[in-house]
>>> print(open('data38.txt').read())   # compact mmCIF, C-alpha atoms and all ligand atoms
# COMPACT_ATOMS: atom_id res chain seq x y z
CA MET A 1 27.37 -6.38 20.50
CA GLN A 2 25.52 -9.19 18.73
CA ASN A 3 26.25 -9.86 15.07
CA TYR A 4 23.88 -11.14 12.39
CA ASP A 5 24.03 -11.80 8.68
CA TYR A 6 20.69 -10.03 8.16
CA ILE A 7 18.62 -7.74 10.34
CA ILE A 8 15.06 -6.86 9.38
CA THR A 9 13.77 -3.75 11.14
CA GLY A 10 9.96 -3.61 11.25
CA SER A 11 7.84 -6.74 10.96
CA GLY A 12 4.71 -5.34 9.33
CA ALA A 13 3.63 -6.34 5.83
CA SER A 14 7.01 -6.00 4.09
CA GLY A 15 9.39 -7.04 6.88
CA LEU A 16 7.34 -10.07 7.83
CA MET A 17 6.76 -11.14 4.23
CA LEU A 18 10.47 -10.89 3.54
CA ALA A 19 11.34 -12.89 6.68
CA TYR A 20 8.76 -15.51 5.65
CA ARG A 21 10.27 -15.85 2.19
CA MET A 22 13.76 -16.16 3.71
CA ALA A 23 12.44 -18.81 6.13
CA LYS A 24 10.98 -20.78 3.24
CA ASP A 25 14.17 -20.69 1.18
CA SER A 26 16.93 -23.15 2.18
CA PHE A 27 19.53 -20.72 0.77
CA PHE A 28 19.16 -18.75 4.03
CA ASP A 29 19.20 -21.76 6.41
CA ASN A 30 22.73 -21.06 7.57
CA ALA A 31 22.29 -17.30 7.81
CA SER A 32 21.61 -15.66 11.18
CA ILE A 33 18.57 -13.40 10.86
CA LEU A 34 17.20 -11.00 13.46
CA ILE A 35 13.80 -9.30 13.24
CA ILE A 36 13.31 -6.19 15.39
CA ASP A 37 9.96 -4.49 15.94
CA LYS A 38 8.53 -2.42 18.76
CA GLU A 39 5.60 -4.87 18.80
CA LYS A 40 4.84 -8.34 17.50
CA LYS A 41 1.61 -7.71 15.64
CA THR A 42 -1.27 -10.17 15.74
CA SER A 43 -4.33 -7.95 15.32
CA ASN A 44 -6.46 -6.84 12.40
CA ASP A 45 -4.80 -3.43 12.23
CA ARG A 46 -4.99 -3.43 8.41
CA THR A 47 -7.50 -4.61 5.82
CA TRP A 48 -5.46 -5.25 2.70
CA CYS A 49 -7.27 -5.34 -0.62
CA PHE A 50 -5.82 -5.88 -4.04
CA TRP A 51 -6.89 -7.12 -7.46
CA GLU A 52 -5.33 -10.25 -8.85
CA ASN A 53 -5.54 -12.21 -12.07
CA GLY A 54 -6.59 -15.77 -11.18
CA GLU A 55 -5.37 -17.65 -8.15
CA GLY A 56 -2.79 -16.15 -5.83
CA GLU A 57 -0.40 -16.94 -3.03
CA TRP A 58 -2.62 -15.56 -0.23
CA ASP A 59 -5.93 -17.06 -1.38
CA GLU A 60 -6.30 -19.43 1.58
CA LEU A 61 -6.15 -16.43 3.95
CA LEU A 62 -8.74 -14.27 2.18
CA HIS A 63 -11.64 -12.83 4.15
CA LYS A 64 -13.68 -12.16 1.03
CA SER A 65 -13.30 -11.73 -2.69
CA TRP A 66 -15.48 -10.09 -5.35
CA ASP A 67 -15.76 -10.70 -9.07
CA LYS A 68 -17.56 -7.40 -9.80
CA ILE A 69 -16.83 -3.83 -8.82
CA LEU A 70 -18.95 -0.69 -8.95
CA PHE A 71 -17.46 2.60 -10.13
CA GLU A 72 -19.69 5.62 -9.67
CA SER A 73 -19.43 9.36 -10.20
CA ASN A 74 -21.71 12.12 -11.46
CA ILE A 75 -20.55 11.44 -15.04
CA TYR A 76 -20.11 7.67 -15.15
CA LYS A 77 -21.60 4.69 -13.35
CA ASN A 78 -20.97 1.04 -14.10
CA THR A 79 -20.89 -2.33 -12.38
CA ILE A 80 -17.95 -3.99 -14.05
CA PRO A 81 -17.33 -7.76 -14.15
CA LEU A 82 -13.71 -8.49 -13.36
CA GLN A 83 -13.52 -11.50 -15.72
CA SER A 84 -10.34 -13.41 -14.88
CA TYR A 85 -9.46 -10.93 -12.08
CA ALA A 86 -10.84 -10.83 -8.54
CA TYR A 87 -10.78 -8.08 -5.97
CA LYS A 88 -9.45 -9.74 -2.82
CA MET A 89 -9.63 -8.77 0.84
CA LEU A 90 -7.15 -10.02 3.40
CA ARG A 91 -7.32 -9.04 7.06
CA SER A 92 -3.92 -8.67 8.65
CA GLY A 93 -4.54 -10.89 11.73
CA VAL A 94 -4.51 -14.18 9.81
CA PHE A 95 -1.57 -12.98 7.73
CA TYR A 96 0.57 -12.19 10.78
CA ASP A 97 -0.42 -15.51 12.41
CA LYS A 98 0.40 -17.68 9.43
CA LEU A 99 3.73 -16.04 8.70
CA TRP A 100 4.92 -15.93 12.30
CA ASN A 101 3.91 -19.60 12.82
CA PHE A 102 6.18 -20.59 9.98
CA ILE A 103 9.05 -18.22 10.83
CA GLU A 104 9.10 -19.52 14.40
CA THR A 105 9.92 -23.04 13.18
CA LYS A 106 13.34 -21.77 12.06
CA ASN A 107 16.21 -21.79 14.58
CA ASN A 108 18.25 -19.29 12.63
CA ILE A 109 15.61 -16.53 12.81
CA SER A 110 14.99 -14.67 16.06
CA PHE A 111 12.78 -11.76 17.11
CA ILE A 112 13.50 -8.94 19.52
CA LYS A 113 10.91 -6.51 20.74
CA ALA A 114 12.61 -3.11 20.82
CA ASN A 115 12.30 0.40 19.56
CA VAL A 116 14.75 1.00 16.71
CA ILE A 117 16.38 4.40 17.18
CA SER A 118 18.86 4.61 14.31
CA ILE A 119 20.62 2.64 11.61
CA LEU A 120 24.05 3.32 10.12
CA ASP A 121 25.99 1.73 7.27
CA THR A 122 29.76 1.75 7.97
CA ALA A 123 32.87 -0.04 6.71
CA GLU A 124 32.61 -2.30 9.80
CA GLY A 125 29.01 -3.34 9.08
CA VAL A 126 25.52 -1.92 9.62
CA PHE A 127 24.86 -0.73 13.17
CA VAL A 128 21.32 -0.79 14.54
CA GLU A 129 20.76 1.20 17.71
CA THR A 130 17.69 0.11 19.70
CA SER A 131 16.12 0.88 23.05
CA ILE A 132 17.73 -2.33 24.38
CA CYS A 133 21.20 -2.48 22.83
CA GLN A 134 23.18 -2.15 19.64
CA TYR A 135 23.27 -4.85 16.94
CA ARG A 136 25.48 -5.28 13.91
CA ALA A 137 24.57 -6.88 10.59
CA VAL A 138 26.14 -7.54 7.24
CA LYS A 139 22.88 -6.48 5.53
CA LEU A 140 19.90 -4.53 6.84
CA LEU A 141 16.38 -4.52 5.43
CA ASN A 142 14.51 -1.60 6.93
CA SER A 143 10.77 -0.80 6.92
CA VAL A 144 10.81 1.73 9.78
CA ASP A 145 10.11 5.33 8.82
CA PHE A 146 12.51 7.28 11.03
CA ASP A 147 12.21 10.80 9.72
CA GLN A 148 9.57 11.04 6.96
CA LYS A 149 12.15 12.73 4.74
CA TYR A 150 9.69 12.86 1.84
CA THR A 151 7.65 15.45 3.76
CA ARG A 152 10.65 17.80 3.90
CA GLN A 153 11.34 18.15 0.19
CA GLU A 154 9.58 20.09 -2.55
CA GLU A 155 10.70 18.42 -5.76
CA TYR A 156 8.04 15.72 -5.64
CA PRO A 157 4.59 16.66 -4.35
CA VAL A 158 3.16 14.43 -1.65
CA LEU A 159 -0.50 13.59 -1.57
CA LEU A 160 -1.94 11.50 1.23
CA GLN A 161 -4.42 8.73 0.81
CA HIS A 162 -6.24 9.16 4.10
CA PHE A 163 -9.35 7.46 5.31
CA THR A 164 -11.55 6.39 8.16
CA GLY A 165 -13.47 3.16 7.78
CA TRP A 166 -16.35 1.72 9.75
CA PHE A 167 -17.19 -1.95 9.81
CA VAL A 168 -20.95 -1.78 10.00
CA GLU A 169 -23.37 -4.54 10.97
CA THR A 170 -27.09 -4.10 10.26
CA LYS A 171 -30.11 -5.93 11.65
CA LYS A 172 -31.73 -6.28 8.25
CA ASN A 173 -29.97 -7.47 5.10
CA TYR A 174 -28.94 -4.35 3.15
CA PHE A 175 -25.95 -5.26 1.05
CA ASP A 176 -25.36 -7.02 -2.23
CA ASP A 177 -22.13 -8.74 -1.22
CA SER A 178 -21.31 -9.79 -4.78
CA VAL A 179 -20.21 -6.24 -5.73
CA ALA A 180 -17.48 -4.12 -4.12
CA THR A 181 -17.81 -0.35 -4.53
CA PHE A 182 -14.34 0.54 -5.72
CA MET A 183 -14.84 4.30 -5.88
CA ASP A 184 -18.04 6.25 -5.34
CA PHE A 185 -17.31 9.87 -6.23
CA THR A 186 -20.91 11.01 -5.78
CA VAL A 187 -19.94 12.31 -2.32
CA ASP A 188 -19.43 16.07 -2.08
CA GLN A 189 -15.93 16.69 -3.50
CA LYS A 190 -15.34 19.98 -1.61
CA ARG A 191 -12.61 20.86 -4.18
CA ASN A 192 -10.72 17.63 -3.39
CA THR A 193 -10.55 14.06 -4.62
CA ARG A 194 -12.97 12.30 -2.26
CA PHE A 195 -14.79 9.01 -2.57
CA MET A 196 -16.50 6.28 -0.62
CA TYR A 197 -15.12 2.75 -0.76
CA VAL A 198 -17.59 0.07 0.29
CA LEU A 199 -16.73 -3.58 0.82
CA PRO A 200 -19.80 -5.69 1.63
CA ILE A 201 -18.69 -8.81 3.45
CA SER A 202 -22.13 -10.40 3.81
CA PRO A 203 -25.73 -9.19 3.33
CA ASN A 204 -25.59 -7.45 6.73
CA LYS A 205 -21.90 -6.57 7.16
CA ALA A 206 -19.84 -4.06 5.21
CA LEU A 207 -16.79 -1.84 5.51
CA PHE A 208 -17.46 1.82 4.58
CA GLU A 209 -14.32 3.87 4.06
CA TYR A 210 -14.44 7.62 3.47
CA THR A 211 -11.25 8.25 1.49
CA LEU A 212 -9.40 11.28 0.15
CA PHE A 213 -6.34 11.76 -2.04
CA SER A 214 -5.31 15.20 -0.81
CA LYS A 215 -2.58 17.12 0.97
CA GLU A 216 -4.10 17.51 4.42
CA VAL A 217 -5.80 15.02 6.72
CA LEU A 218 -9.24 15.89 8.12
CA THR A 219 -10.44 16.01 11.69
CA LYS A 220 -12.05 12.88 13.15
CA ASP A 221 -15.43 14.63 13.09
CA GLU A 222 -15.18 15.37 9.37
CA TYR A 223 -14.59 11.73 8.38
CA GLU A 224 -17.32 10.57 10.73
CA GLY A 225 -19.78 13.21 9.54
CA GLU A 226 -19.35 12.07 5.93
CA LEU A 227 -19.73 8.41 6.88
CA LEU A 228 -22.96 9.21 8.74
CA LYS A 229 -24.25 11.22 5.78
CA TYR A 230 -23.44 8.46 3.29
CA LEU A 231 -25.10 5.74 5.36
CA ALA A 232 -28.19 7.94 5.64
CA THR A 233 -28.33 8.50 1.86
CA LYS A 234 -28.26 4.70 1.44
CA SER A 235 -31.16 4.47 3.95
CA ILE A 236 -29.03 2.47 6.36
CA THR A 237 -30.35 3.66 9.69
CA GLU A 238 -30.13 0.76 12.13
CA TYR A 239 -26.58 -0.43 12.44
CA THR A 240 -23.73 -1.06 14.86
CA ILE A 241 -20.15 0.01 14.21
CA THR A 242 -18.15 -3.10 15.09
CA GLU A 243 -14.63 -1.91 14.21
CA ILE A 244 -12.90 1.25 13.02
CA GLU A 245 -9.96 1.43 10.65
CA GLN A 246 -7.89 4.53 9.91
CA GLY A 247 -4.92 5.09 7.69
CA VAL A 248 -2.67 7.61 6.01
CA ILE A 249 -0.62 6.37 3.06
CA PRO A 250 1.83 8.67 1.22
CA MET A 251 1.28 9.00 -2.53
CA THR A 252 4.42 10.45 -4.05
CA SER A 253 7.08 9.86 -6.66
CA TYR A 254 9.75 10.92 -4.17
CA LYS A 255 12.77 8.70 -4.81
CA PHE A 256 12.70 6.71 -1.57
CA TRP A 257 15.42 4.44 -2.96
CA ASP A 258 17.96 7.27 -2.93
CA GLN A 259 18.26 6.53 0.81
CA ASN A 260 19.52 2.98 0.11
CA SER A 261 23.21 2.27 0.60
CA LYS A 262 25.36 -0.74 -0.22
CA ASN A 263 24.21 -2.61 2.89
CA ILE A 264 20.92 -0.94 3.83
CA LEU A 265 17.82 -1.46 1.73
CA HIS A 266 14.59 0.31 2.60
CA ILE A 267 11.55 -1.88 1.98
CA GLY A 268 7.76 -1.48 2.09
CA THR A 269 6.31 2.02 2.16
CA VAL A 270 9.67 3.58 3.12
CA GLY A 271 11.28 1.73 0.22
CA GLY A 272 8.87 3.35 -2.24
CA TRP A 273 6.88 0.14 -2.72
CA THR A 274 3.58 2.04 -2.54
CA LYS A 275 2.20 2.73 -6.01
CA ALA A 276 2.20 6.53 -5.99
CA SER A 277 -0.94 6.97 -8.08
CA THR A 278 -3.14 4.58 -6.09
CA GLY A 279 -1.64 4.00 -2.64
CA TYR A 280 -1.84 0.23 -3.18
CA THR A 281 1.18 -1.48 -1.61
CA PHE A 282 0.34 -5.02 -0.59
CA LYS A 283 0.57 -6.83 -3.91
CA ASN A 284 3.63 -4.86 -4.91
CA THR A 285 5.21 -5.97 -1.64
CA SER A 286 4.45 -9.57 -2.61
CA LYS A 287 6.21 -9.06 -5.94
CA LYS A 288 9.13 -7.04 -4.58
CA THR A 289 9.95 -9.50 -1.78
CA ILE A 290 10.21 -12.28 -4.39
CA GLN A 291 12.56 -10.10 -6.47
CA LEU A 292 14.53 -9.23 -3.35
CA ILE A 293 15.12 -12.89 -2.43
CA ALA A 294 16.57 -13.46 -5.92
CA PHE A 295 18.67 -10.30 -5.56
CA LEU A 296 20.06 -11.35 -2.15
CA LYS A 297 21.22 -14.62 -3.66
CA ALA A 298 22.96 -13.03 -6.63
CA GLU A 299 24.10 -9.52 -5.75
CA ASN A 300 25.69 -7.54 -3.01
CA ASP A 301 25.07 -3.83 -3.48
CA PHE A 302 21.57 -2.64 -2.55
CA THR A 303 21.95 0.59 -4.52
CA HIS A 304 21.38 -1.59 -7.61
CA PHE A 305 18.08 -3.05 -6.41
CA ARG A 306 15.74 -0.34 -7.70
CA LYS A 307 15.41 0.45 -11.38
CA LYS A 308 13.46 3.51 -12.48
CA THR A 309 10.83 2.65 -15.11
CA ARG A 310 8.53 4.68 -17.34
CA PHE A 311 5.70 3.94 -14.88
CA TRP A 312 7.49 6.12 -12.35
CA TRP A 313 7.02 8.99 -14.81
CA TYR A 314 3.31 8.30 -15.30
CA ASP A 315 2.75 8.30 -11.54
CA LEU A 316 4.76 11.48 -11.22
CA LEU A 317 2.58 13.28 -13.78
CA LEU A 318 -0.68 12.10 -12.21
CA ILE A 319 0.45 13.20 -8.74
CA ASP A 320 1.62 16.54 -10.21
CA VAL A 321 -1.82 17.05 -11.77
CA LEU A 322 -3.80 15.93 -8.73
CA SER A 323 -1.63 17.99 -6.48
CA SER A 324 -2.24 21.21 -8.46
CA TYR A 325 -5.86 20.43 -9.38
CA ASN A 326 -7.09 18.24 -6.56
CA HIS A 327 -10.74 18.80 -7.55
CA LEU A 328 -10.15 16.99 -10.88
CA GLY A 329 -9.74 13.51 -9.37
CA SER A 330 -13.35 12.47 -9.91
CA LYS A 331 -13.19 13.48 -13.59
CA LEU A 332 -9.81 11.86 -14.21
CA PHE A 333 -10.70 8.52 -12.64
CA SER A 334 -14.14 8.52 -14.31
CA THR A 335 -12.51 9.01 -17.71
CA LEU A 336 -9.95 6.30 -17.02
CA PHE A 337 -12.65 3.76 -16.11
CA LYS A 338 -15.11 4.84 -18.79
CA ARG A 339 -12.77 4.78 -21.76
CA ASN A 340 -10.67 1.72 -20.98
CA SER A 341 -11.40 -1.90 -20.23
CA LEU A 342 -10.92 -2.71 -16.57
CA LYS A 343 -8.44 -5.41 -17.48
CA ASN A 344 -6.23 -2.83 -19.21
CA VAL A 345 -6.54 -0.41 -16.30
CA PHE A 346 -5.47 -3.13 -13.84
CA ARG A 347 -2.59 -4.21 -16.07
CA PHE A 348 -1.49 -0.57 -16.47
CA LEU A 349 -1.57 0.02 -12.71
CA ASP A 350 0.29 -3.26 -12.20
CA GLU A 351 2.94 -1.93 -14.62
CA GLU A 352 2.41 -4.87 -16.97
CA THR A 353 1.32 -3.03 -20.14
CA SER A 354 3.38 -2.43 -23.26
CA PHE A 355 4.34 1.13 -24.25
CA ILE A 356 1.66 1.14 -26.99
CA GLN A 357 -0.99 0.13 -24.43
CA ASP A 358 0.27 2.85 -22.07
CA LEU A 359 -0.15 5.42 -24.82
CA ARG A 360 -3.72 4.30 -25.52
CA ILE A 361 -4.61 4.67 -21.86
CA MET A 362 -2.93 8.05 -21.55
CA LEU A 363 -4.55 9.39 -24.71
CA SER A 364 -7.93 8.42 -23.28
CA MET A 365 -7.42 10.85 -20.38
CA PRO A 366 -8.11 14.62 -20.60
CA PRO A 367 -4.71 15.62 -22.04
CA LEU A 368 -4.24 19.32 -21.29
CA ARG A 369 -3.22 19.17 -17.62
CA PHE A 370 -0.90 16.22 -18.25
CA ILE A 371 0.86 17.98 -21.12
CA VAL A 372 1.42 21.06 -18.95
CA ALA A 373 2.70 18.85 -16.11
CA LEU A 374 5.03 17.05 -18.52
CA PHE A 375 6.46 20.32 -19.87
CA ARG A 376 7.04 21.60 -16.35
CA ARG A 377 8.91 18.45 -15.41
CA VAL A 378 10.99 18.35 -18.58
CA LEU A 379 11.98 22.01 -18.11
CA ASN A 380 12.97 21.31 -14.50
CA PHE A 381 15.10 18.21 -15.19
C1 LIG A 401 -5.19 0.95 7.69
C2 LIG A 401 -4.43 0.68 6.41
C3 LIG A 401 -5.05 -0.04 5.39
C4 LIG A 401 -4.35 -0.29 4.20
N1 LIG A 401 -4.99 -0.96 3.20
C5 LIG A 401 -4.31 -1.27 2.08
C6 LIG A 401 -4.94 -2.02 1.05
O1 LIG A 401 -6.14 -2.31 1.11
N2 LIG A 401 -4.20 -2.38 -0.03
C7 LIG A 401 -2.87 -2.06 -0.13
O2 LIG A 401 -2.24 -2.46 -1.11
N3 LIG A 401 -2.27 -1.31 0.80
C8 LIG A 401 -2.95 -0.91 1.90
N4 LIG A 401 -2.31 -0.18 2.88
C9 LIG A 401 -0.94 0.32 2.61
C10 LIG A 401 0.15 -0.72 2.95
O3 LIG A 401 -0.14 -1.97 2.37
C11 LIG A 401 0.32 -0.93 4.44
O4 LIG A 401 0.59 0.29 5.07
C12 LIG A 401 1.44 -1.90 4.77
O5 LIG A 401 1.28 -2.30 6.08
C13 LIG A 401 2.83 -1.30 4.54
O6 LIG A 401 3.79 -2.23 4.93
P1 LIG A 401 5.17 -1.77 5.58
O7 LIG A 401 5.92 -3.01 5.91
O8 LIG A 401 5.81 -0.76 4.74
O9 LIG A 401 4.76 -0.99 6.92
P2 LIG A 401 4.07 -1.56 8.21
O10 LIG A 401 3.19 -2.71 7.88
O11 LIG A 401 3.46 -0.38 8.88
O12 LIG A 401 5.30 -2.11 9.08
C14 LIG A 401 6.22 -1.28 9.73
C15 LIG A 401 6.59 -1.95 11.04
O13 LIG A 401 7.60 -1.18 11.68
C16 LIG A 401 7.34 -1.15 13.06
N5 LIG A 401 7.99 0.05 13.60
C17 LIG A 401 7.71 1.33 13.29
N6 LIG A 401 8.55 2.17 13.95
C18 LIG A 401 9.39 1.38 14.66
C19 LIG A 401 10.51 1.64 15.52
N7 LIG A 401 10.96 2.89 15.73
N8 LIG A 401 11.13 0.59 16.09
C20 LIG A 401 10.71 -0.68 15.86
N9 LIG A 401 9.68 -0.98 15.04
C21 LIG A 401 9.03 0.03 14.45
C22 LIG A 401 5.83 -1.14 13.18
O14 LIG A 401 5.43 -1.64 14.45
C23 LIG A 401 5.43 -2.05 12.02
O15 LIG A 401 5.25 -3.38 12.43
C24 LIG A 401 -2.99 0.14 4.05
C25 LIG A 401 -2.42 0.88 5.07
C26 LIG A 401 -3.12 1.16 6.24
C27 LIG A 401 -2.45 1.99 7.30
>>> encode(input="data38.txt", output="C-alpha cells")
Amino acid sequence: MQNYDYIITGSGASGLMLAYRMAKDSFFDNASILIIDKEKKTSNDRTWCFWENGEGEWDELLHKSWDKILFESNIYKNTIPLQSYAYKMLRSGVFYDKLWNFIETKNNISFIKANVISILDTAEGVFVETSICQYRAVKLLNSVDFDQKYTRQEEYPVLLQHFTGWFVETKKNYFDDSVATFMDFTVDQKRNTRFMYVLPISPNKALFEYTLFSKEVLTKDEYEGELLKYLATKSITEYTITEIEQGVIPMTSYKFWDQNSKNILHIGTVGGWTKASTGYTFKNTSKKTIQLIAFLKAENDFTHFRKKTRFWWYDLLLIDVLSSYNHLGSKLFSTLFKRNSLKNVFRFLDEETSFIQDLRIMLSMPPLRFIVALFRRVLNF
C-alpha cells in the first residue's frame, strides 16, 4: 500500500489543471501527490472554447480567437461585436503538453497509468482501488465518472449537449474568419433545440458542429446528414474532412456535490463544474481550481467547498423548461440575445451579475413557462 497526501484521479481538463496549480504553488512542495489516469493524454481530443473579458491565463496557447460572433435564427439575426470580450479557442493537445511539461519538473508529483475501479473515504484515509494496486491518500480529488448517478434520478432533469463536429478544409477561400457562428438555429429544429456552431479558423478551414440540447443522442448518420445538408446550403461543395470531434456533455442541476465527503472532492464535470444551462465547463474549471487551491490551504472538510447560489436556481428553471418544451430553445435563446446586450448575457452566464441585472435579463425572456416551472419547483421543495 502506497500512501500520498493527495491523489488526483483523472488527468483531463480539471485534474490536470488542478495538478498544474499545485505544482506552481510552493505550499504543496512538501506534499506527496499522485495522479492516476487510464491514459496520459496528449492529443487534440477536445476543442475548448470560452468567452473571456480581456487577456487571460491561457492566451499563449490559443488556436484562434474572435472579436465578433453571429447569432442566427428565424426570428433574429445579428453579428455582434464582443467589445472587451473575445471568444477563444484552445485545442487540448497544447494544453496537455504545457501542463505536463511543468508538472514533470516536480519531484513530489508522480503519475501512474491505471484504471481506477473505486474510491472510498474511511476513518483510515481514502482508499483508491486501481487495476494495478490499492493506494491511500489523505485527500482525493476525483474527476472520474464511475456510475453516472445523475442519470438514475428523476428530481433534476438531464439534458445532453451532444454534437458531432467536422474540421473542414476547402480548396477555395469560403470563410470569413473574423466571425464565429455562436448559434445558428436556422437548421430544422425537429421539435428539439438544434443549432449549428461554426468556428472558421482561416479563410479555408472551419469547424462545423451540429449540436443539440436534448434528452437523447442521435445516430452517427443523423449528425452527418445534417452536417452535409448545412454545408450544401452554404454552397460549400469541395472540401476535405480533416478531423472529427464528438461529445456528450450533461446539462443538469443535479447536485453533484452531494457525493463529496470530508476527504473526497469531485471535480470537473462530475463535480458539477459544467454550467447546466450552457454546457460550458472549461473557464469554470479555471476559476474553480483557483478557488480549490485556496480552500486546500485553509480548510479541511470538502463538504464545505460548494455553496449553492441563486444561479443554480436559474439554471434549474431553464433546464426544467427546455426539458418539458425542448422545441422552445430557438425562441428562448433568440429572445435572450435580442433583448440583452451581449456583455450582460456573458456576465449573467458567468454568474457575475447583480440580482437587479439578473431580474432584467429574466424579465426579458418569455415569462409564462418559467413561472410555471418556478411554481412546480416551489411546490415540490
Ligand atoms: C469533445 C468535447 C468538446 C468540449 N468543448 C467544450 C468547450 O468548447 N468549452 C467548454 O467549456 N467545455 C467543453 N467541453 C466540456 C468540458 O470542458 C470537457 O468535457 C472537459 O474535458 C471536462 O473536464 P473533466 O476533467 O471533468 O473531464 P475529462 O477532461 O474527460 O477528464 C477525465 C479524465 O478521467 C480519465 N478517466 C476516466 N475514467 C477513468 C478510470 N476509470 N480510470 C482512470 N482514469 C479515468 C479520462 O481518461 C480523462 O483523462 C467539451 C467536452 C467534449 C467531450
>>> atom_distance(input="data38.txt", atom1="atom C25 of ligand LIG 401 (chain A)", atom2="atom CA of A:Glu169")
22.4 Å
>>> residues_near_ligand(input="data38.txt", ligand="ligand LIG 401 (chain A)", cutoff="8 Å", atoms="all atoms listed in the file", output="PyMOL selection string")
chain A and resi 9-16+36-41+45-50+89+113-117+130+143-146+245-249+267-271+273-274+279-285
>>> closest_residue(input="data38.txt", among="A:Val94, A:Ala294, A:Leu228, A:Ile371", to="A:Asp59", atoms="all atoms listed in the file")
A:Val94
>>> residues_near_point(input="data38.txt", point="(5.1, 16.1, -11.1)", cutoff="12 Å", atoms="all atoms listed in the file", output="PyMOL selection string")
chain A and resi 154-159+251-254+276-277+312-325+369-381
>>> write_last_selection(input="data38.txt", atoms="C-alpha atoms", output="PDB file, keeping the file's coordinate frame")
ATOM      1  CA  GLU A 154       9.580  20.090  -2.550  1.00  0.00           C
ATOM      2  CA  GLU A 155      10.700  18.420  -5.760  1.00  0.00           C
ATOM      3  CA  TYR A 156       8.040  15.720  -5.640  1.00  0.00           C
ATOM      4  CA  PRO A 157       4.590  16.660  -4.350  1.00  0.00           C
ATOM      5  CA  VAL A 158       3.160  14.430  -1.650  1.00  0.00           C
ATOM      6  CA  LEU A 159      -0.500  13.590  -1.570  1.00  0.00           C
ATOM      7  CA  MET A 251       1.280   9.000  -2.530  1.00  0.00           C
ATOM      8  CA  THR A 252       4.420  10.450  -4.050  1.00  0.00           C
ATOM      9  CA  SER A 253       7.080   9.860  -6.660  1.00  0.00           C
ATOM     10  CA  TYR A 254       9.750  10.920  -4.170  1.00  0.00           C
ATOM     11  CA  ALA A 276       2.200   6.530  -5.990  1.00  0.00           C
ATOM     12  CA  SER A 277      -0.940   6.970  -8.080  1.00  0.00           C
ATOM     13  CA  TRP A 312       7.490   6.120 -12.350  1.00  0.00           C
ATOM     14  CA  TRP A 313       7.020   8.990 -14.810  1.00  0.00           C
ATOM     15  CA  TYR A 314       3.310   8.300 -15.300  1.00  0.00           C
ATOM     16  CA  ASP A 315       2.750   8.300 -11.540  1.00  0.00           C
ATOM     17  CA  LEU A 316       4.760  11.480 -11.220  1.00  0.00           C
ATOM     18  CA  LEU A 317       2.580  13.280 -13.780  1.00  0.00           C
ATOM     19  CA  LEU A 318      -0.680  12.100 -12.210  1.00  0.00           C
ATOM     20  CA  ILE A 319       0.450  13.200  -8.740  1.00  0.00           C
ATOM     21  CA  ASP A 320       1.620  16.540 -10.210  1.00  0.00           C
ATOM     22  CA  VAL A 321      -1.820  17.050 -11.770  1.00  0.00           C
ATOM     23  CA  LEU A 322      -3.800  15.930  -8.730  1.00  0.00           C
ATOM     24  CA  SER A 323      -1.630  17.990  -6.480  1.00  0.00           C
ATOM     25  CA  SER A 324      -2.240  21.210  -8.460  1.00  0.00           C
ATOM     26  CA  TYR A 325      -5.860  20.430  -9.380  1.00  0.00           C
ATOM     27  CA  ARG A 369      -3.220  19.170 -17.620  1.00  0.00           C
ATOM     28  CA  PHE A 370      -0.900  16.220 -18.250  1.00  0.00           C
ATOM     29  CA  ILE A 371       0.860  17.980 -21.120  1.00  0.00           C
ATOM     30  CA  VAL A 372       1.420  21.060 -18.950  1.00  0.00           C
ATOM     31  CA  ALA A 373       2.700  18.850 -16.110  1.00  0.00           C
ATOM     32  CA  LEU A 374       5.030  17.050 -18.520  1.00  0.00           C
ATOM     33  CA  PHE A 375       6.460  20.320 -19.870  1.00  0.00           C
ATOM     34  CA  ARG A 376       7.040  21.600 -16.350  1.00  0.00           C
ATOM     35  CA  ARG A 377       8.910  18.450 -15.410  1.00  0.00           C
ATOM     36  CA  VAL A 378      10.990  18.350 -18.580  1.00  0.00           C
ATOM     37  CA  LEU A 379      11.980  22.010 -18.110  1.00  0.00           C
ATOM     38  CA  ASN A 380      12.970  21.310 -14.500  1.00  0.00           C
ATOM     39  CA  PHE A 381      15.100  18.210 -15.190  1.00  0.00           C
TER      40      PHE A 381
END
>>> closest_residue(input="data38.txt", among="A:Lys338, A:Arg310, A:Lys343, A:Lys139", to="A:Leu359", atoms="all atoms listed in the file")
A:Arg310
>>> build_atoms(input="data38.txt", residues="stretch 132-140 of chain A", atoms="N, CA and C atoms", output="PDB file, in the coordinates of the input")
ATOM      1  N   ILE A 132      17.147  -1.300  23.501  1.00  0.00           N
ATOM      2  CA  ILE A 132      17.730  -2.330  24.380  1.00  0.00           C
ATOM      3  C   ILE A 132      19.262  -2.337  24.255  1.00  0.00           C
ATOM      4  N   CYS A 133      19.750  -2.526  23.044  1.00  0.00           N
ATOM      5  CA  CYS A 133      21.200  -2.480  22.830  1.00  0.00           C
ATOM      6  C   CYS A 133      21.512  -2.249  21.356  1.00  0.00           C
ATOM      7  N   GLN A 134      22.783  -2.368  21.036  1.00  0.00           N
ATOM      8  CA  GLN A 134      23.180  -2.150  19.640  1.00  0.00           C
ATOM      9  C   GLN A 134      23.422  -3.508  18.974  1.00  0.00           C
ATOM     10  N   TYR A 135      23.032  -3.611  17.703  1.00  0.00           N
ATOM     11  CA  TYR A 135      23.270  -4.850  16.940  1.00  0.00           C
ATOM     12  C   TYR A 135      24.047  -4.479  15.694  1.00  0.00           C
ATOM     13  N   ARG A 136      24.747  -5.518  15.161  1.00  0.00           N
ATOM     14  CA  ARG A 136      25.480  -5.280  13.910  1.00  0.00           C
ATOM     15  C   ARG A 136      25.075  -6.343  12.893  1.00  0.00           C
ATOM     16  N   ALA A 137      24.952  -5.930  11.641  1.00  0.00           N
ATOM     17  CA  ALA A 137      24.570  -6.880  10.590  1.00  0.00           C
ATOM     18  C   ALA A 137      25.433  -6.653   9.360  1.00  0.00           C
ATOM     19  N   VAL A 138      25.495  -7.705   8.541  1.00  0.00           N
ATOM     20  CA  VAL A 138      26.140  -7.540   7.240  1.00  0.00           C
ATOM     21  C   VAL A 138      25.190  -6.755   6.332  1.00  0.00           C
ATOM     22  N   LYS A 139      23.894  -7.148   6.382  1.00  0.00           N
ATOM     23  CA  LYS A 139      22.880  -6.480   5.530  1.00  0.00           C
ATOM     24  C   LYS A 139      21.675  -6.123   6.380  1.00  0.00           C
ATOM     25  N   LEU A 140      21.094  -4.954   6.102  1.00  0.00           N
ATOM     26  CA  LEU A 140      19.900  -4.530   6.840  1.00  0.00           C
ATOM     27  C   LEU A 140      18.759  -4.246   5.881  1.00  0.00           C
TER      28      LEU A 140
END
